[in-house]
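Colleague: File protein25.txt follows (compact mmCIF, C-alpha atoms):
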# COMPACT_ATOMS: atom_id res chain seq x y z
CA MET A 1 0.00 0.00 0.00
CA PRO A 2 1.40 3.44 -0.88
CA ARG A 3 2.40 5.89 1.83
CA ASP A 4 -0.17 8.56 2.72
CA TYR A 5 1.30 11.95 1.79
CA ILE A 6 -1.85 13.95 2.61
CA ASN A 7 -1.09 16.89 4.93
CA GLN A 8 2.65 16.25 4.65
CA ALA A 9 5.32 18.69 3.49
CA PRO A 10 6.15 18.30 -0.23
CA VAL A 11 9.63 16.99 0.61
CA ALA A 12 8.51 14.52 3.31
CA TYR A 13 9.46 10.84 3.09
CA GLN A 14 12.10 10.39 0.44
CA ARG A 15 11.67 6.89 -0.97
CA ARG A 16 15.44 6.43 -1.43
CA PRO A 17 17.01 8.65 1.26
CA HIS A 18 20.57 7.62 0.35
CA LEU A 19 20.13 9.57 -2.92
CA THR A 20 19.10 12.77 -1.11
CA ARG A 21 21.51 15.71 -1.33
CA ASP A 22 22.06 18.57 1.11
CA ASP A 23 21.34 22.30 0.75
CA ASP A 24 24.86 23.15 -0.48
CA TRP A 25 24.57 20.56 -3.25
CA ILE A 26 21.13 21.92 -4.21
CA ARG A 27 22.41 25.52 -4.37
CA THR A 28 25.35 24.48 -6.55
CA PHE A 29 23.12 22.45 -8.87
CA LEU A 30 20.59 25.27 -9.32
CA LYS A 31 23.39 27.62 -10.36
CA VAL A 32 24.40 25.39 -13.28
CA ALA A 33 21.19 23.58 -14.32
CA GLN A 34 20.18 24.78 -17.77
CA ILE A 35 16.44 24.17 -18.07
CA GLY A 36 13.71 24.00 -15.47
CA HIS A 37 10.10 22.92 -15.69
CA ILE A 38 7.65 25.19 -13.92
CA ALA A 39 4.50 23.50 -12.65
CA THR A 40 1.38 25.57 -12.10
CA SER A 41 -2.18 24.52 -11.38
CA VAL A 42 -5.62 26.03 -11.73
CA ASP A 43 -9.01 24.45 -11.07
CA GLY A 44 -7.30 21.17 -10.22
CA GLN A 45 -5.62 20.98 -13.64
CA PRO A 46 -1.78 20.89 -13.52
CA PHE A 47 0.30 22.50 -16.25
CA ILE A 48 4.04 22.20 -16.82
CA ASN A 49 6.24 24.37 -19.02
CA PRO A 50 9.97 24.34 -19.75
CA THR A 51 11.81 27.55 -18.91
CA THR A 52 15.18 29.12 -18.38
CA PHE A 53 15.67 30.21 -14.78
CA TRP A 54 18.11 31.81 -12.38
CA TYR A 55 18.67 30.95 -8.73
CA ASP A 56 18.98 34.31 -6.97
CA GLU A 57 20.92 33.04 -3.97
CA ASP A 58 20.98 36.40 -2.14
CA ASN A 59 17.17 36.45 -1.99
CA HIS A 60 16.64 32.65 -1.92
CA GLN A 61 14.35 32.75 -4.93
CA ILE A 62 14.02 31.38 -8.44
CA VAL A 63 13.59 33.91 -11.24
CA PHE A 64 12.04 33.14 -14.62
CA HIS A 65 9.97 34.92 -17.22
CA SER A 66 7.13 34.33 -19.64
CA ASN A 67 5.04 36.27 -22.08
CA ILE A 68 2.82 39.05 -20.74
CA ALA A 69 -0.25 37.00 -21.67
CA GLY A 70 -0.64 33.26 -21.51
CA ARG A 71 -1.33 30.23 -19.38
CA VAL A 72 1.65 30.62 -17.01
CA ARG A 73 0.71 34.15 -15.98
CA SER A 74 -3.00 33.37 -15.77
CA ASN A 75 -2.35 30.30 -13.62
CA ILE A 76 0.02 32.13 -11.25
CA GLU A 77 -2.40 35.03 -10.84
CA SER A 78 -5.08 32.49 -9.92
CA ASN A 79 -2.88 30.19 -7.81
CA PRO A 80 0.65 31.34 -6.85
CA LYS A 81 1.68 27.92 -5.46
CA VAL A 82 4.19 26.45 -7.92
CA SER A 83 7.04 24.02 -8.18
CA LEU A 84 10.09 23.99 -10.39
CA GLU A 85 12.06 20.91 -11.41
CA ALA A 86 15.52 20.96 -12.93
CA SER A 87 17.48 17.85 -13.87
CA GLU A 88 20.49 16.47 -15.65
CA LEU A 89 20.22 13.05 -17.23
CA GLY A 90 23.00 10.57 -17.93
CA LYS A 91 22.97 7.12 -19.41
CA PHE A 92 20.31 4.43 -19.13
CA LEU A 93 21.24 1.63 -16.72
CA PRO A 94 20.13 -1.91 -17.61
CA SER A 95 19.55 -4.63 -15.04
CA ASN A 96 18.75 -8.33 -14.99
CA VAL A 97 15.66 -7.51 -12.87
CA ALA A 98 12.81 -5.48 -14.37
CA LEU A 99 12.29 -3.24 -11.33
CA GLU A 100 15.95 -2.20 -11.21
CA PHE A 101 16.30 -0.69 -14.69
CA SER A 102 17.35 2.88 -14.03
CA LEU A 103 18.84 6.11 -15.29
CA GLN A 104 21.67 8.30 -14.10
CA PHE A 105 20.21 11.59 -12.91
CA ARG A 106 20.69 14.67 -10.79
CA SER A 107 17.61 16.68 -9.94
CA VAL A 108 16.17 19.38 -7.73
CA VAL A 109 12.54 20.17 -7.05
CA VAL A 110 11.67 23.58 -5.56
CA PHE A 111 8.35 24.44 -3.91
CA GLY A 112 7.12 27.94 -3.24
CA ARG A 113 4.93 30.85 -4.20
CA ALA A 114 5.49 32.82 -7.37
CA ARG A 115 4.90 36.54 -7.54
CA LEU A 116 4.76 38.75 -10.58
CA VAL A 117 7.49 41.36 -10.22
CA SER A 118 5.76 44.67 -10.86
CA ASP A 119 8.50 47.15 -9.94
CA PRO A 120 10.36 47.97 -13.19
CA ALA A 121 13.72 48.48 -11.44
CA GLU A 122 13.49 45.10 -9.69
CA ALA A 123 12.23 43.39 -12.86
CA GLY A 124 15.18 44.78 -14.84
CA GLN A 125 17.66 43.71 -12.18
CA LEU A 126 16.23 40.17 -12.08
CA LEU A 127 16.17 39.92 -15.87
CA HIS A 128 19.86 40.92 -15.93
CA GLY A 129 20.54 38.15 -13.39
CA LEU A 130 18.75 35.64 -15.61
CA ILE A 131 20.67 36.75 -18.71
CA GLY A 132 23.91 36.69 -16.71
CA LYS A 133 23.45 33.03 -15.83
CA TYR A 134 23.37 31.97 -19.48
CA PHE A 135 25.63 34.63 -20.98
CA PRO A 136 28.05 35.65 -18.19
CA LYS A 137 30.58 37.27 -20.54
CA MET A 138 28.07 39.60 -22.21
CA THR A 139 27.46 43.11 -20.91
CA ALA A 140 24.33 45.22 -21.24
CA GLY A 141 25.05 48.37 -23.19
CA LYS A 142 28.03 46.73 -24.87
CA GLU A 143 27.16 43.40 -26.53
CA TYR A 144 23.41 43.90 -26.21
CA ARG A 145 21.10 46.84 -25.84
CA GLU A 146 19.96 47.77 -22.32
CA ILE A 147 16.51 46.45 -21.42
CA THR A 148 13.89 49.00 -22.44
CA ASP A 149 10.71 49.91 -20.57
CA LYS A 150 8.74 48.67 -23.59
CA GLU A 151 10.43 45.25 -23.34
CA LEU A 152 9.71 45.06 -19.60
CA ARG A 153 6.04 45.86 -20.23
CA ALA A 154 5.91 42.98 -22.76
CA THR A 155 7.42 40.42 -20.37
CA SER A 156 6.25 38.84 -17.14
CA ILE A 157 9.11 38.44 -14.65
CA TYR A 158 8.43 36.08 -11.73
CA ALA A 159 10.19 35.39 -8.46
CA ILE A 160 9.46 32.14 -6.65
CA GLN A 161 10.11 32.54 -2.94
CA ILE A 162 11.52 29.14 -2.03
CA GLU A 163 9.64 27.46 0.82
CA SER A 164 11.25 24.04 0.51
CA TRP A 165 13.35 22.01 -1.87
CA SER A 166 14.84 18.59 -2.34
CA GLY A 167 17.77 17.30 -4.33
CA LYS A 168 18.62 13.80 -5.47
CA GLU A 169 21.46 12.23 -7.36
CA ASN A 170 21.87 8.74 -8.77
CA TRP A 171 24.99 8.68 -10.91
CA ALA A 172 25.87 5.03 -10.36
CA GLU A 173 27.76 3.27 -13.14
CA TYR A 174 25.40 0.29 -12.99
CA ALA A 175 21.86 -0.46 -11.86
CA ASP A 176 21.36 -3.00 -9.11
CA GLN A 177 21.64 -6.57 -10.35
CA SER A 178 20.19 -9.72 -8.79
CA ASP A 179 22.19 -12.80 -7.96
CA GLU A 180 18.92 -14.73 -8.38
CA TRP A 181 19.08 -14.38 -12.17
CA THR A 182 21.64 -14.86 -14.90
CA PRO A 183 24.07 -11.90 -14.99
CA LEU A 184 23.74 -9.56 -17.95
CA ASP A 185 26.19 -9.95 -20.81
CA ARG A 186 28.85 -7.16 -20.80
CA LYS A 187 27.49 -5.91 -24.17
CA TRP A 188 24.55 -4.30 -22.30
CA PHE A 189 26.95 -2.02 -20.43
CA GLU A 190 28.77 -0.64 -23.48
Can the structure from this file be put into structure tokens for me?
Modeller:
Amino acid sequence: MPRDYINQAPVAYQRRPHLTRDDDWIRTFLKVAQIGHIATSVDGQPFINPTTFWYDEDNHQIVFHSNIAGRVRSNIESNPKVSLEASELGKFLPSNVALEFSLQFRSVVVFGRARLVSDPAEAGQLLHGLIGKYFPKMTAGKEYREITDKELRATSIYAIQIESWSGKENWAEYADQSDEWTPLDRKWFE
């Protein structure tokens, strides 16, 4: 019978606690992870969208943006509770037992409340942080034009205040194998 997660914190009861990573690992991972998936929900219907994001460590928040109009903004205005997942995937790991087939992965899931950043100065600062994550050697006013007020009015900038998070890593070379079945041929590991 599955565990009852009702009325539990989102990060309660890790199924494989030996894969859990600490806060320092999570912070480091969020700084380098390339793509996140933002999950929103409205009227009981979940939605998930890929996005670029920036972990603003000084303010313990995740920054991302979307179009001024669309599902993400509408959902957040209706229900600010969100989660963001970011992961890195490695190779597939075969096993000689069906339930042990696996995948190398590193992942973080963040839970919190998103707010639309309405102050233009703050929105510009956060957008520069987001750009800086992906293009750290580029400078506003030099390689690209400074962000204009018109551009800020056409973009929704969000900050997710992080309430909780969890990180996991399984980067084993091999999946668990059973000694109750014939070992896999080496060809499956190449």
Colleague: Find the distance between atom CA of A:Lys81 and atom CA of A:Ala159 and write it in Å to one decimal.
Modeller: 11.7 Å
Colleague: Point out the residue among A:Arg186, A:Arg113, A:Lys31, A:Arg21 with the least atom-to-atom distance to A:Gly132, counting only C-alpha atoms.
Modeller: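 Using only C-alpha atoms, A:Gly132 sits closest to A:Lys31.
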Colleague: So, with only C-alpha atoms as the atoms that count, which of A:His18, A:Lys133, A:His65, A:Arg115 lies closest to A:Asn170?
Modeller: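 Among A:His18, A:Lys133, A:His65, A:Arg115, it is A:His18 that comes nearest to A:Asn170.
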Colleague: What's the 10 Å shell around A:Ser178, counting only C-alpha atoms, without same-chain residues fewer than 2 positions away, as a PDB file with C-alpha atoms, in the frame of the given file?
Modeller:
ATOM      1  CA  SER A  95      19.550  -4.630 -15.040  1.00  0.00           C
ATOM      2  CA  ASN A  96      18.750  -8.330 -14.990  1.00  0.00           C
ATOM      3  CA  VAL A  97      15.660  -7.510 -12.870  1.00  0.00           C
ATOM      4  CA  GLU A 100      15.950  -2.200 -11.210  1.00  0.00           C
ATOM      5  CA  ALA A 175      21.860  -0.460 -11.860  1.00  0.00           C
ATOM      6  CA  ASP A 176      21.360  -3.000  -9.110  1.00  0.00           C
ATOM      7  CA  GLU A 180      18.920 -14.730  -8.380  1.00  0.00           C
ATOM      8  CA  TRP A 181      19.080 -14.380 -12.170  1.00  0.00           C
ATOM      9  CA  THR A 182      21.640 -14.860 -14.900  1.00  0.00           C
ATOM     10  CA  PRO A 183      24.070 -11.900 -14.990  1.00  0.00           C
ATOM     11  CA  LEU A 184      23.740  -9.560 -17.950  1.00  0.00           C
TER      12      LEU A 184
END
Colleague: Work out how far atom CA of A:Pro80 is from atom CA of A:Ala114, in Å to one decimal.
Modeller: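 One can read the atom CA of A:Ala114 to atom CA of A:Pro80 distance as 5.1 Å.
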Colleague: Which distance in Å separates atom CA of A:Leu19 and atom CA of A:Val108, to one decimal?
Modeller: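 Spanning atom CA of A:Leu19 to atom CA of A:Val108 is a straight-line distance of 11.6 Å.
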Colleague: Please, what is the axis-aligned box for every listed atom of stretch 26-45 of chain A with 3 Å on each side, as centre and edge lengths in Å to one decimal, as AutoDock Vina command-line options?
Modeller:
--center_x 8.2 --center_y 24.3 --center_z -11.1 --size_x 40.4 --size_y 12.6 --size_z 19.9
Colleague: Could you check the closest approach to A:Pro50 for each of A:Phe64, A:Phe92, A:Trp188, A:Trp171 and tell me which residue wins, using only C-alpha atoms?
Modeller: A:Phe64
Colleague: Point out the residue among A:Asn59, A:Ser41, A:Thr139, A:Thr155 with the least atom-to-atom distance to A:Asn79, counting only C-alpha atoms.
Modeller: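 Checking each candidate against A:Asn79, we get A:Ser41 as the closest.
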Colleague: Taking into account only C-alpha atoms, which residue in the set A:Leu127, A:Ala172, A:Val109, A:Leu30 is nearest to A:Glu57?
Modeller: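 Selected residue with least distance to A:Glu57: A:Leu30.
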Colleague: Have stretch 119-130 of chain A completed to all heavy atoms, please, and pass it along as an mmCIF file, keeping the file's coordinate frame.
Modeller:
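result-v5.cif written:
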data_model
loop_
_atom_site.group_PDB
_atom_site.id
_atom_site.type_symbol
_atom_site.label_atom_id
_atom_site.label_comp_id
_atom_site.auth_asym_id
_atom_site.auth_seq_id
_atom_site.Cartn_x
_atom_site.Cartn_y
_atom_site.Cartn_z
ATOM 1 N N ASP A 119 7.616 45.989 -9.972
ATOM 2 C CA ASP A 119 8.500 47.150 -9.940
ATOM 3 C C ASP A 119 9.485 47.058 -11.101
ATOM 4 O O ASP A 119 10.255 46.091 -11.190
ATOM 5 C CB ASP A 119 9.251 47.181 -8.607
ATOM 6 C CG ASP A 119 10.267 48.307 -8.561
ATOM 7 O OD1 ASP A 119 9.859 49.481 -8.688
ATOM 8 O OD2 ASP A 119 11.477 48.004 -8.429
ATOM 9 N N PRO A 120 9.490 48.050 -12.021
ATOM 10 C CA PRO A 120 10.360 47.970 -13.190
ATOM 11 C C PRO A 120 11.845 47.863 -12.844
ATOM 12 O O PRO A 120 12.584 47.134 -13.528
ATOM 13 C CB PRO A 120 10.073 49.270 -13.947
ATOM 14 C CG PRO A 120 8.721 49.709 -13.478
ATOM 15 C CD PRO A 120 8.613 49.235 -12.058
ATOM 16 N N ALA A 121 12.298 48.546 -11.814
ATOM 17 C CA ALA A 121 13.720 48.480 -11.440
ATOM 18 C C ALA A 121 14.078 47.061 -10.986
ATOM 19 O O ALA A 121 15.105 46.505 -11.390
ATOM 20 C CB ALA A 121 14.037 49.497 -10.359
ATOM 21 N N GLU A 122 13.236 46.465 -10.149
ATOM 22 C CA GLU A 122 13.490 45.100 -9.690
ATOM 23 C C GLU A 122 13.396 44.114 -10.856
ATOM 24 O O GLU A 122 14.236 43.213 -10.984
ATOM 25 C CB GLU A 122 12.504 44.704 -8.584
ATOM 26 C CG GLU A 122 12.753 43.303 -8.058
ATOM 27 C CD GLU A 122 11.718 42.802 -7.055
ATOM 28 O OE1 GLU A 122 10.675 43.475 -6.868
ATOM 29 O OE2 GLU A 122 11.962 41.728 -6.464
ATOM 30 N N ALA A 123 12.388 44.278 -11.710
ATOM 31 C CA ALA A 123 12.230 43.390 -12.860
ATOM 32 C C ALA A 123 13.460 43.444 -13.752
ATOM 33 O O ALA A 123 13.970 42.405 -14.202
ATOM 34 C CB ALA A 123 10.972 43.754 -13.648
ATOM 35 N N GLY A 124 13.979 44.637 -14.017
ATOM 36 C CA GLY A 124 15.180 44.780 -14.840
ATOM 37 C C GLY A 124 16.383 44.120 -14.201
ATOM 38 O O GLY A 124 17.164 43.431 -14.873
ATOM 39 N N GLN A 125 16.529 44.312 -12.901
ATOM 40 C CA GLN A 125 17.660 43.710 -12.180
ATOM 41 C C GLN A 125 17.576 42.176 -12.252
ATOM 42 O O GLN A 125 18.582 41.504 -12.497
ATOM 43 C CB GLN A 125 17.641 44.172 -10.721
ATOM 44 C CG GLN A 125 18.705 43.547 -9.873
ATOM 45 C CD GLN A 125 18.547 43.907 -8.387
ATOM 46 O OE1 GLN A 125 17.610 44.567 -7.976
ATOM 47 N NE2 GLN A 125 19.492 43.456 -7.591
ATOM 48 N N LEU A 126 16.390 41.625 -12.044
ATOM 49 C CA LEU A 126 16.230 40.170 -12.080
ATOM 50 C C LEU A 126 16.432 39.624 -13.491
ATOM 51 O O LEU A 126 17.030 38.555 -13.667
ATOM 52 C CB LEU A 126 14.863 39.775 -11.527
ATOM 53 C CG LEU A 126 14.639 40.085 -10.046
ATOM 54 C CD1 LEU A 126 13.229 39.691 -9.613
ATOM 55 C CD2 LEU A 126 15.688 39.434 -9.163
ATOM 56 N N LEU A 127 15.969 40.355 -14.492
ATOM 57 C CA LEU A 127 16.170 39.920 -15.870
ATOM 58 C C LEU A 127 17.661 39.924 -16.220
ATOM 59 O O LEU A 127 18.156 39.010 -16.885
ATOM 60 C CB LEU A 127 15.377 40.800 -16.826
ATOM 61 C CG LEU A 127 15.213 40.292 -18.253
ATOM 62 C CD1 LEU A 127 14.677 38.867 -18.302
ATOM 63 C CD2 LEU A 127 14.309 41.232 -19.042
ATOM 64 N N HIS A 128 18.405 40.914 -15.719
ATOM 65 C CA HIS A 128 19.860 40.920 -15.930
ATOM 66 C C HIS A 128 20.508 39.714 -15.244
ATOM 67 O O HIS A 128 21.443 39.118 -15.791
ATOM 68 C CB HIS A 128 20.483 42.220 -15.399
ATOM 69 C CG HIS A 128 20.374 43.370 -16.348
ATOM 70 N ND1 HIS A 128 21.038 43.407 -17.552
ATOM 71 C CD2 HIS A 128 19.674 44.517 -16.272
ATOM 72 C CE1 HIS A 128 20.748 44.522 -18.175
ATOM 73 N NE2 HIS A 128 19.912 45.223 -17.426
ATOM 74 N N GLY A 129 20.021 39.344 -14.059
ATOM 75 C CA GLY A 129 20.540 38.150 -13.390
ATOM 76 C C GLY A 129 20.294 36.896 -14.198
ATOM 77 O O GLY A 129 21.173 36.029 -14.325
ATOM 78 N N LEU A 130 19.104 36.792 -14.776
ATOM 79 C CA LEU A 130 18.750 35.640 -15.610
ATOM 80 C C LEU A 130 19.644 35.583 -16.851
ATOM 81 O O LEU A 130 20.212 34.537 -17.183
ATOM 82 C CB LEU A 130 17.275 35.717 -16.005
ATOM 83 C CG LEU A 130 16.740 34.622 -16.919
ATOM 84 C CD1 LEU A 130 16.841 33.256 -16.256
ATOM 85 C CD2 LEU A 130 15.297 34.918 -17.298
#
